[in-house]
Amino acid sequence: MNQNNWQKTVLHAEQIRKSFGVRGNVQQVLRGIDLRVVEGEFVGIMGPSGSGKSTLINVLATIDKATEGKIFVEDADISNMKNAELSIFRRNKLGFIFQDYNLLDTLTVKENILLPISLGKMKKKAAEVEFQAIAADLGILEIAHKYPHEISGGQRQRTSAARALIHRPSIVFADEPTGALDSKAASSLLGMMEGLNRQRSLTIMMVTHDPVASSYCSRVVFLKDGMLYSELYRGTKTRQAFFKDIMNVQAVLGGDHVDTV
């Protein structure tokens with residue numbers, strides 16, 4: 001999917017800069033990044049260690065604050081929101097999938113998934129409809145009554161994904177979502193995310209070091225030294241062909257060896 005002017009912009013970042021440290025010892029991690037994500041894109045963010053990819057997604061996802069720049073989610077300028085306002089916005093508009101699941105051990109799979117909307121105004125019947133749909137799509141309906149310690153790592157991550165999607169967020173941020181999974185569980189999760197992206201026009205931004213994971217995306221953005229280096233669009237290519245394109249760019253940038261698709 002290429003970015004077309006007629007497509008709805010979900011996220012727009014303007015000249016994002018992020019520095020750490022104090023005067024005399026300042027490290028610039030992000031150096032003026034401009035980025036636009038449109039509805040229905042599945043965007044991968046890649047780059048060598050230290051390129052700024054994790055810092056970028058943390059800033060875009062409101063986990064951290066940019067030193068300079070503007071960030072818009074749909075029509076809302078989130079750059080200068082106060083903490084209380086930002087908390088409500090995050091709960092209603094953003095979804096998060098983390099590498100370490102972040103599930104509550106004392107809650108069942110279903111209770112974990114429903115947690116984000118338990119604080120909102122969705123009626124119980126509507127919440128049940130949403131739960132049934134997303135749990136079925138992610139293949140975890142049959143384990144809804146179980147607790148996190150009773151299920152596999154792949155099932156925990158799919159539970160985490162369902163929790164991120166239950167309230168139909170404008171955009172989902174995924175930070176190395178397959179990092180703790182074996183290859184089979186990772187492929188299963190990524191295939192489901194790709195399917196939801198297409199079926200629901202779900203907008204996803206995913207940081208990963210793995211070209212195999214990025215090959216499921218519709219676009220991959222590469223960072224180098226805190227700046228945008230390059231980007232690739234999958235278009236009509238097969239996942240295998242897109243993987244080769246990603247590997248070619250990564251070979252220039254430098255990166256860890258990975259298995260082929």
# chains A, B, ... in the order shown; residues from 1 in each chain; ligands from 1
>>> select_by_dssp(residues="range 35-95 of chain A", states="helix (DSSP H, G or I)", output="ChimeraX atom specification")
/A:53-60,83-93
>>> write_last_selection(atoms="N, CA and C atoms", output="compact mmCIF listing (two decimals), in the first residue's frame")
# COMPACT_ATOMS: atom_id res chain seq x y z
N LYS A 53 15.14 3.06 16.94
CA LYS A 53 13.81 2.52 16.62
C LYS A 53 12.93 2.34 17.86
N SER A 54 13.50 1.85 18.95
CA SER A 54 12.70 1.68 20.17
C SER A 54 12.31 3.03 20.77
N THR A 55 13.24 3.98 20.71
CA THR A 55 12.93 5.33 21.20
C THR A 55 11.82 5.95 20.38
N LEU A 56 11.86 5.74 19.06
CA LEU A 56 10.83 6.31 18.18
C LEU A 56 9.45 5.78 18.53
N ILE A 57 9.32 4.46 18.66
CA ILE A 57 7.98 3.93 18.93
C ILE A 57 7.51 4.33 20.33
N ASN A 58 8.44 4.46 21.28
CA ASN A 58 8.05 4.92 22.62
C ASN A 58 7.51 6.35 22.59
N VAL A 59 8.13 7.19 21.78
CA VAL A 59 7.68 8.57 21.66
C VAL A 59 6.34 8.63 20.93
N LEU A 60 6.21 7.90 19.83
CA LEU A 60 4.96 7.92 19.07
C LEU A 60 3.81 7.32 19.87
N ASN A 83 -1.01 15.04 31.45
CA ASN A 83 -1.00 13.62 31.79
C ASN A 83 -2.39 13.01 31.88
N ALA A 84 -3.33 13.72 32.50
CA ALA A 84 -4.68 13.19 32.67
C ALA A 84 -5.37 13.04 31.32
N GLU A 85 -5.23 14.06 30.48
CA GLU A 85 -5.84 14.01 29.15
C GLU A 85 -5.19 12.92 28.30
N LEU A 86 -3.89 12.80 28.41
CA LEU A 86 -3.16 11.80 27.64
C LEU A 86 -3.53 10.39 28.07
N SER A 87 -3.76 10.20 29.35
CA SER A 87 -4.15 8.89 29.86
C SER A 87 -5.47 8.43 29.27
N ILE A 88 -6.43 9.34 29.21
CA ILE A 88 -7.74 9.03 28.63
C ILE A 88 -7.60 8.76 27.14
N PHE A 89 -6.81 9.59 26.45
CA PHE A 89 -6.61 9.43 25.01
C PHE A 89 -5.95 8.08 24.73
N ARG A 90 -4.95 7.74 25.50
CA ARG A 90 -4.22 6.48 25.32
C ARG A 90 -5.17 5.29 25.49
N ARG A 91 -6.02 5.37 26.51
CA ARG A 91 -6.94 4.28 26.80
C ARG A 91 -7.97 4.09 25.68
N ASN A 92 -8.41 5.19 25.08
CA ASN A 92 -9.47 5.12 24.08
C ASN A 92 -8.97 4.92 22.66
N LYS A 93 -7.78 5.42 22.35
CA LYS A 93 -7.35 5.49 20.95
C LYS A 93 -6.15 4.62 20.59
>>> residues_around(residues="range 23-29 of chain A", least_positions_apart="6", cutoff="10 Å", atoms="only C-alpha atoms", output="VMD selection string")
chain A and resid 17 50 to 53 55 to 56 67 225 to 227
>>> residues_around(residues="Asp100 in chain A", least_positions_apart="5", cutoff="10 Å", atoms="only C-alpha atoms", output="NGL selection string")
:A and (153 or 156-157 or 160 or 175-181)
>>> write_last_selection(atoms="C-alpha atoms", output="PDB file, in the first residue's frame")
ATOM      1  CA  GLY A 153       3.849 -18.218  25.406  1.00  0.00           C
ATOM      2  CA  ARG A 156      -0.195 -15.353  26.113  1.00  0.00           C
ATOM      3  CA  GLN A 157       0.979 -13.059  23.334  1.00  0.00           C
ATOM      4  CA  SER A 160      -1.994  -9.555  24.831  1.00  0.00           C
ATOM      5  CA  ASP A 175       7.348  -3.505  20.374  1.00  0.00           C
ATOM      6  CA  GLU A 176       9.189  -6.718  19.391  1.00  0.00           C
ATOM      7  CA  PRO A 177       5.960  -8.746  19.818  1.00  0.00           C
ATOM      8  CA  THR A 178       7.615 -11.999  18.712  1.00  0.00           C
ATOM      9  CA  GLY A 179      10.835 -11.533  20.691  1.00  0.00           C
ATOM     10  CA  ALA A 180       9.929 -14.084  23.376  1.00  0.00           C
ATOM     11  CA  LEU A 181       8.317 -16.622  21.018  1.00  0.00           C
TER      12      LEU A 181
END
>>> residues_around(residues="Ile143 in chain A", least_positions_apart="4", cutoff="10 Å", atoms="only C-alpha atoms", output="number ranges by chain")
A: 108-110, 135, 139, 147-148, 150-151, 155, 159
>>> write_last_selection(atoms="N, CA and C atoms", output="compact mmCIF listing (two decimals), in the first residue's frame")
# COMPACT_ATOMS: atom_id res chain seq x y z
N THR A 108 -8.20 -14.19 34.44
CA THR A 108 -8.27 -15.16 33.35
C THR A 108 -7.93 -14.49 32.02
N VAL A 109 -7.80 -15.30 31.00
CA VAL A 109 -7.56 -14.76 29.65
C VAL A 109 -8.65 -13.76 29.29
N LYS A 110 -9.89 -14.13 29.49
CA LYS A 110 -11.01 -13.25 29.15
C LYS A 110 -10.96 -11.96 29.96
N ALA A 135 -11.38 -12.77 20.17
CA ALA A 135 -10.84 -14.03 20.68
C ALA A 135 -10.92 -15.13 19.63
N GLY A 139 -7.78 -17.08 17.83
CA GLY A 139 -7.71 -18.49 18.19
C GLY A 139 -7.54 -18.79 19.67
N TYR A 147 -5.90 -19.23 33.14
CA TYR A 147 -5.04 -18.17 33.65
C TYR A 147 -3.72 -18.16 32.88
N PRO A 148 -3.01 -17.02 32.86
CA PRO A 148 -1.77 -16.93 32.07
C PRO A 148 -0.76 -18.05 32.32
N GLU A 150 -1.31 -21.03 32.83
CA GLU A 150 -1.81 -22.30 32.31
C GLU A 150 -1.72 -22.40 30.79
N ILE A 151 -1.25 -21.36 30.12
CA ILE A 151 -1.23 -21.36 28.66
C ILE A 151 0.20 -21.12 28.15
N GLN A 155 0.11 -18.31 23.18
CA GLN A 155 -1.26 -17.98 23.59
C GLN A 155 -1.29 -16.74 24.47
N THR A 159 -3.25 -13.34 23.62
CA THR A 159 -4.11 -12.70 24.62
C THR A 159 -3.75 -11.22 24.75
>>> atom_distance(atom1="CA of Val129 in chain A", atom2="CA of Ser218 in chain A")
28.9 Å
>>> atom_distance(atom1="CA of Val220 in chain A", atom2="CA of Arg239 in chain A")
12.5 Å
>>> closest_residue(among="A:Ser188, A:Thr238, A:Asn197, A:Gln250", to="Pro211 in chain A", atoms="only C-alpha atoms")
A:Gln250
>>> atom_distance(atom1="CA of Met206 in chain A", atom2="CA of Gln132 in chain A")
25.0 Å
>>> residues_around(residues="Ala213 in chain A", least_positions_apart="2", cutoff="12 Å", atoms="only C-alpha atoms", output="PyMOL selection string")
chain A and resi 42-46+174-179+181+183-191+193-194+206-211+215-220+239-240+242-243+246-247+258-261
>>> write_last_selection(atoms="N, CA and C atoms", output="CSV table (one decimal), in the first residue's frame")
chain,number,residue,atom,x,y,z
A,42,PHE,N,0.3,-1.6,7.8
A,42,PHE,CA,1.1,-2.4,8.8
A,42,PHE,C,2.5,-2.0,8.6
A,43,VAL,N,3.0,-1.1,9.4
A,43,VAL,CA,4.3,-0.5,9.2
A,43,VAL,C,5.4,-1.2,10.2
A,44,GLY,N,6.4,-1.7,9.6
A,44,GLY,CA,7.5,-2.2,10.4
A,44,GLY,C,8.6,-1.1,10.5
A,45,ILE,N,9.2,-1.1,11.7
A,45,ILE,CA,10.4,-0.2,11.9
A,45,ILE,C,11.6,-1.0,12.2
A,46,MET,N,12.6,-0.8,11.4
A,46,MET,CA,13.9,-1.6,11.6
A,46,MET,C,15.1,-0.7,11.6
A,174,ALA,N,3.3,-2.2,18.5
A,174,ALA,CA,3.8,-3.5,18.9
A,174,ALA,C,5.4,-3.4,19.0
A,175,ASP,N,5.9,-3.6,20.1
A,175,ASP,CA,7.3,-3.5,20.4
A,175,ASP,C,7.9,-4.9,20.5
A,176,GLU,N,8.6,-5.4,19.4
A,176,GLU,CA,9.2,-6.7,19.4
A,176,GLU,C,8.2,-7.8,19.9
A,177,PRO,N,7.0,-7.9,19.3
A,177,PRO,CA,6.0,-8.7,19.8
A,177,PRO,C,6.3,-10.2,19.7
A,178,THR,N,7.2,-10.6,18.9
A,178,THR,CA,7.6,-12.0,18.7
A,178,THR,C,8.9,-12.3,19.4
A,179,GLY,N,9.5,-11.4,20.1
A,179,GLY,CA,10.8,-11.5,20.7
A,179,GLY,C,11.0,-12.7,21.7
A,181,LEU,N,9.0,-15.5,21.6
A,181,LEU,CA,8.3,-16.6,21.0
A,181,LEU,C,9.2,-17.5,20.2
A,183,SER,N,9.8,-19.9,16.7
A,183,SER,CA,9.5,-19.5,15.3
A,183,SER,C,8.1,-19.9,14.9
A,184,LYS,N,7.6,-21.0,15.4
A,184,LYS,CA,6.2,-21.4,15.1
A,184,LYS,C,5.2,-20.5,15.7
A,185,ALA,N,5.3,-20.2,17.0
A,185,ALA,CA,4.4,-19.3,17.6
A,185,ALA,C,4.5,-17.9,17.0
A,186,ALA,N,5.7,-17.4,16.7
A,186,ALA,CA,5.9,-16.1,16.1
A,186,ALA,C,5.2,-16.0,14.7
A,187,SER,N,5.3,-17.0,13.9
A,187,SER,CA,4.7,-17.1,12.6
A,187,SER,C,3.2,-17.0,12.7
A,188,SER,N,2.7,-17.8,13.7
A,188,SER,CA,1.2,-17.8,13.9
A,188,SER,C,0.7,-16.5,14.3
A,189,LEU,N,1.4,-15.8,15.3
A,189,LEU,CA,0.9,-14.5,15.7
A,189,LEU,C,1.0,-13.5,14.6
A,190,LEU,N,2.1,-13.5,13.8
A,190,LEU,CA,2.3,-12.5,12.7
A,190,LEU,C,1.2,-12.7,11.6
A,191,GLY,N,0.9,-14.0,11.3
A,191,GLY,CA,-0.1,-14.3,10.3
A,191,GLY,C,-1.4,-13.8,10.7
A,193,MET,N,-1.9,-11.2,12.9
A,193,MET,CA,-1.9,-9.8,12.8
A,193,MET,C,-2.0,-9.3,11.4
A,194,GLU,N,-1.4,-10.0,10.5
A,194,GLU,CA,-1.5,-9.6,9.1
A,194,GLU,C,-3.0,-9.8,8.6
A,206,MET,N,5.0,-1.6,14.1
A,206,MET,CA,5.7,-2.6,14.8
A,206,MET,C,7.2,-2.4,14.7
A,207,VAL,N,7.9,-2.4,15.9
A,207,VAL,CA,9.4,-2.4,15.9
A,207,VAL,C,9.8,-3.8,16.0
A,208,THR,N,10.8,-4.2,15.1
A,208,THR,CA,11.4,-5.5,15.1
A,208,THR,C,12.8,-5.5,14.6
A,209,HIS,N,13.6,-6.4,15.0
A,209,HIS,CA,15.0,-6.6,14.5
A,209,HIS,C,15.0,-7.7,13.4
A,210,ASP,N,13.8,-8.3,13.3
A,210,ASP,CA,13.7,-9.6,12.5
A,210,ASP,C,13.1,-9.3,11.1
A,211,PRO,N,13.9,-9.5,10.0
A,211,PRO,CA,13.3,-9.3,8.7
A,211,PRO,C,12.2,-10.3,8.4
A,215,SER,N,8.5,-8.9,7.1
A,215,SER,CA,8.0,-9.4,5.7
A,215,SER,C,6.5,-9.5,5.8
A,216,TYR,N,5.9,-9.5,6.9
A,216,TYR,CA,4.4,-9.5,7.1
A,216,TYR,C,3.8,-8.1,6.9
A,217,CYS,N,4.6,-7.1,6.9
A,217,CYS,CA,4.2,-5.7,6.9
A,217,CYS,C,3.8,-5.3,5.5
A,218,SER,N,3.1,-4.2,5.4
A,218,SER,CA,2.9,-3.6,4.1
A,218,SER,C,3.9,-2.5,3.8
A,219,ARG,N,4.6,-2.0,4.8
A,219,ARG,CA,5.7,-1.1,4.6
A,219,ARG,C,6.7,-1.2,5.7
A,220,VAL,N,8.0,-1.1,5.3
A,220,VAL,CA,9.0,-1.1,6.3
A,220,VAL,C,9.9,0.1,6.2
A,239,ARG,N,5.4,-12.5,0.2
A,239,ARG,CA,6.1,-12.2,1.4
A,239,ARG,C,7.6,-12.6,1.3
A,240,GLN,N,7.8,-13.7,0.5
A,240,GLN,CA,9.2,-14.2,0.3
A,240,GLN,C,10.0,-13.1,-0.5
A,242,PHE,N,9.3,-9.9,-0.7
A,242,PHE,CA,9.5,-8.7,0.2
A,242,PHE,C,10.6,-8.9,1.2
A,243,PHE,N,10.7,-10.2,1.7
A,243,PHE,CA,11.8,-10.5,2.7
A,243,PHE,C,13.1,-10.3,2.0
A,246,ILE,N,13.9,-6.6,2.0
A,246,ILE,CA,14.3,-6.2,3.3
A,246,ILE,C,15.7,-6.6,3.7
A,247,MET,N,16.1,-7.8,3.3
A,247,MET,CA,17.4,-8.3,3.6
A,247,MET,C,18.5,-7.5,2.9
A,258,VAL,N,19.8,-13.8,10.3
A,258,VAL,CA,18.5,-14.5,10.6
A,258,VAL,C,18.3,-15.6,9.6
A,259,ASP,N,17.4,-16.5,10.0
A,259,ASP,CA,17.0,-17.6,9.1
A,259,ASP,C,16.1,-17.0,8.0
A,260,THR,N,16.1,-17.7,6.9
A,260,THR,CA,15.2,-17.3,5.8
A,260,THR,C,13.8,-17.6,6.0
A,261,VAL,N,12.9,-17.0,5.2
A,261,VAL,CA,11.5,-17.3,5.3
A,261,VAL,C,11.2,-18.7,5.0
>>> select_by_dssp(residues="range 75-117 of chain A", states="strand (DSSP E)", output="list of chain:residue names")
A:Ala76, A:Asp77, A:Leu94, A:Gly95, A:Phe96, A:Ile97, A:Phe98
>>> residues_around(residues="Phe131 in chain A", least_positions_apart="5", cutoff="10 Å", atoms="only C-alpha atoms", output="list in words")
Lys110, Glu111, Ile113, Leu114, Lys125, Ala126, Ala136, Asp137, Leu141, Ala144, Ala162, Arg163, Leu165, Ile166 and His167 of chain A
>>> write_last_selection(atoms="N, CA and C atoms", output="short mmCIF file (atom, residue, chain, number, x, y, z; two decimals), in the first residue's frame")
data_model
loop_
_atom_site.label_atom_id
_atom_site.label_comp_id
_atom_site.auth_asym_id
_atom_site.auth_seq_id
_atom_site.Cartn_x
_atom_site.Cartn_y
_atom_site.Cartn_z
N LYS A 110 -9.89 -14.13 29.49
CA LYS A 110 -11.01 -13.25 29.15
C LYS A 110 -10.96 -11.96 29.96
N GLU A 111 -10.71 -12.07 31.24
CA GLU A 111 -10.66 -10.88 32.10
C GLU A 111 -9.51 -9.96 31.71
N ILE A 113 -8.30 -9.64 28.68
CA ILE A 113 -8.67 -9.02 27.40
C ILE A 113 -9.67 -7.89 27.61
N LEU A 114 -10.61 -8.10 28.52
CA LEU A 114 -11.66 -7.10 28.75
C LEU A 114 -11.21 -5.93 29.62
N LYS A 125 -23.05 -6.12 27.08
CA LYS A 125 -23.41 -6.93 25.91
C LYS A 125 -22.50 -6.62 24.73
N ALA A 126 -22.23 -5.34 24.51
CA ALA A 126 -21.34 -4.94 23.41
C ALA A 126 -19.92 -5.44 23.66
N ALA A 136 -12.00 -15.14 18.85
CA ALA A 136 -12.12 -16.12 17.77
C ALA A 136 -11.08 -15.85 16.69
N ASP A 137 -10.92 -14.59 16.32
CA ASP A 137 -9.95 -14.23 15.27
C ASP A 137 -8.52 -14.63 15.66
N LEU A 141 -10.40 -18.43 21.94
CA LEU A 141 -11.73 -18.48 22.56
C LEU A 141 -11.85 -19.68 23.51
N ALA A 144 -10.38 -19.12 27.12
CA ALA A 144 -10.80 -17.87 27.78
C ALA A 144 -10.88 -18.00 29.30
N ALA A 162 -5.12 -9.47 21.75
CA ALA A 162 -6.57 -9.28 21.86
C ALA A 162 -6.90 -8.13 22.79
N ARG A 163 -6.17 -8.03 23.89
CA ARG A 163 -6.38 -6.91 24.83
C ARG A 163 -6.10 -5.57 24.15
N LEU A 165 -6.58 -4.89 21.08
CA LEU A 165 -7.52 -4.64 19.98
C LEU A 165 -8.98 -4.55 20.41
N ILE A 166 -9.29 -4.95 21.63
CA ILE A 166 -10.68 -5.10 22.07
C ILE A 166 -11.47 -3.81 21.96
N HIS A 167 -10.81 -2.66 22.14
CA HIS A 167 -11.53 -1.38 22.11
C HIS A 167 -11.43 -0.70 20.74
#
>>> closest_residue(among="A:Val172, A:Val37, A:His149, A:Ile71", to="Thr106 in chain A", atoms="only C-alpha atoms")
A:His149
